[in-house]
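**Student:** Mind having a look at this structure? Questions to follow.
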Amino acid sequence: MLGCTHFLFIKNNIKSLLPKANIVDGHLGTAKRLEEILQDNKQLTGNYPMIEFYSSMGEEMALKAKLLYKKNQEINFFNQ
């Protein structure tokens, strides 16, 4: 059971190491529930700031990171 949103990035690695494993990925449900809680507590303003990602994994990671966010906000990605 992948219980955290960032496991999306390593799901294929886990599958290659454990090919017979049945992987249950709950990242969408986790993110959706967080959004509901933030809305209920009036903590979502609709004003989404720019997000900056720092990683040594290159442009492929930038594309994956952008898939996590469905809002139309600016995302900058920096390689370290």
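Note on naming: chains are A, B, ... as they come in the structure tokens, residues start from 1 per chain, ligands start from 1 in the order shown.
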When you look at segment 25-31 of chain A with a cut-off of 8 Å (counting only C-alpha atoms), what residues show up, excluding the ones that are within fewer than 2 positions of it in the same chain? I need them as a PyMOL selection string.

**Tutor:** chain A and resi 1-8+23+33-35

**Student:** Just how far from atom CA of Leu44 of chain A is atom CA of Lys32 of chain A, in Å to one decimal?

**Tutor:**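 Those two atoms sit 12.9 Å apart.
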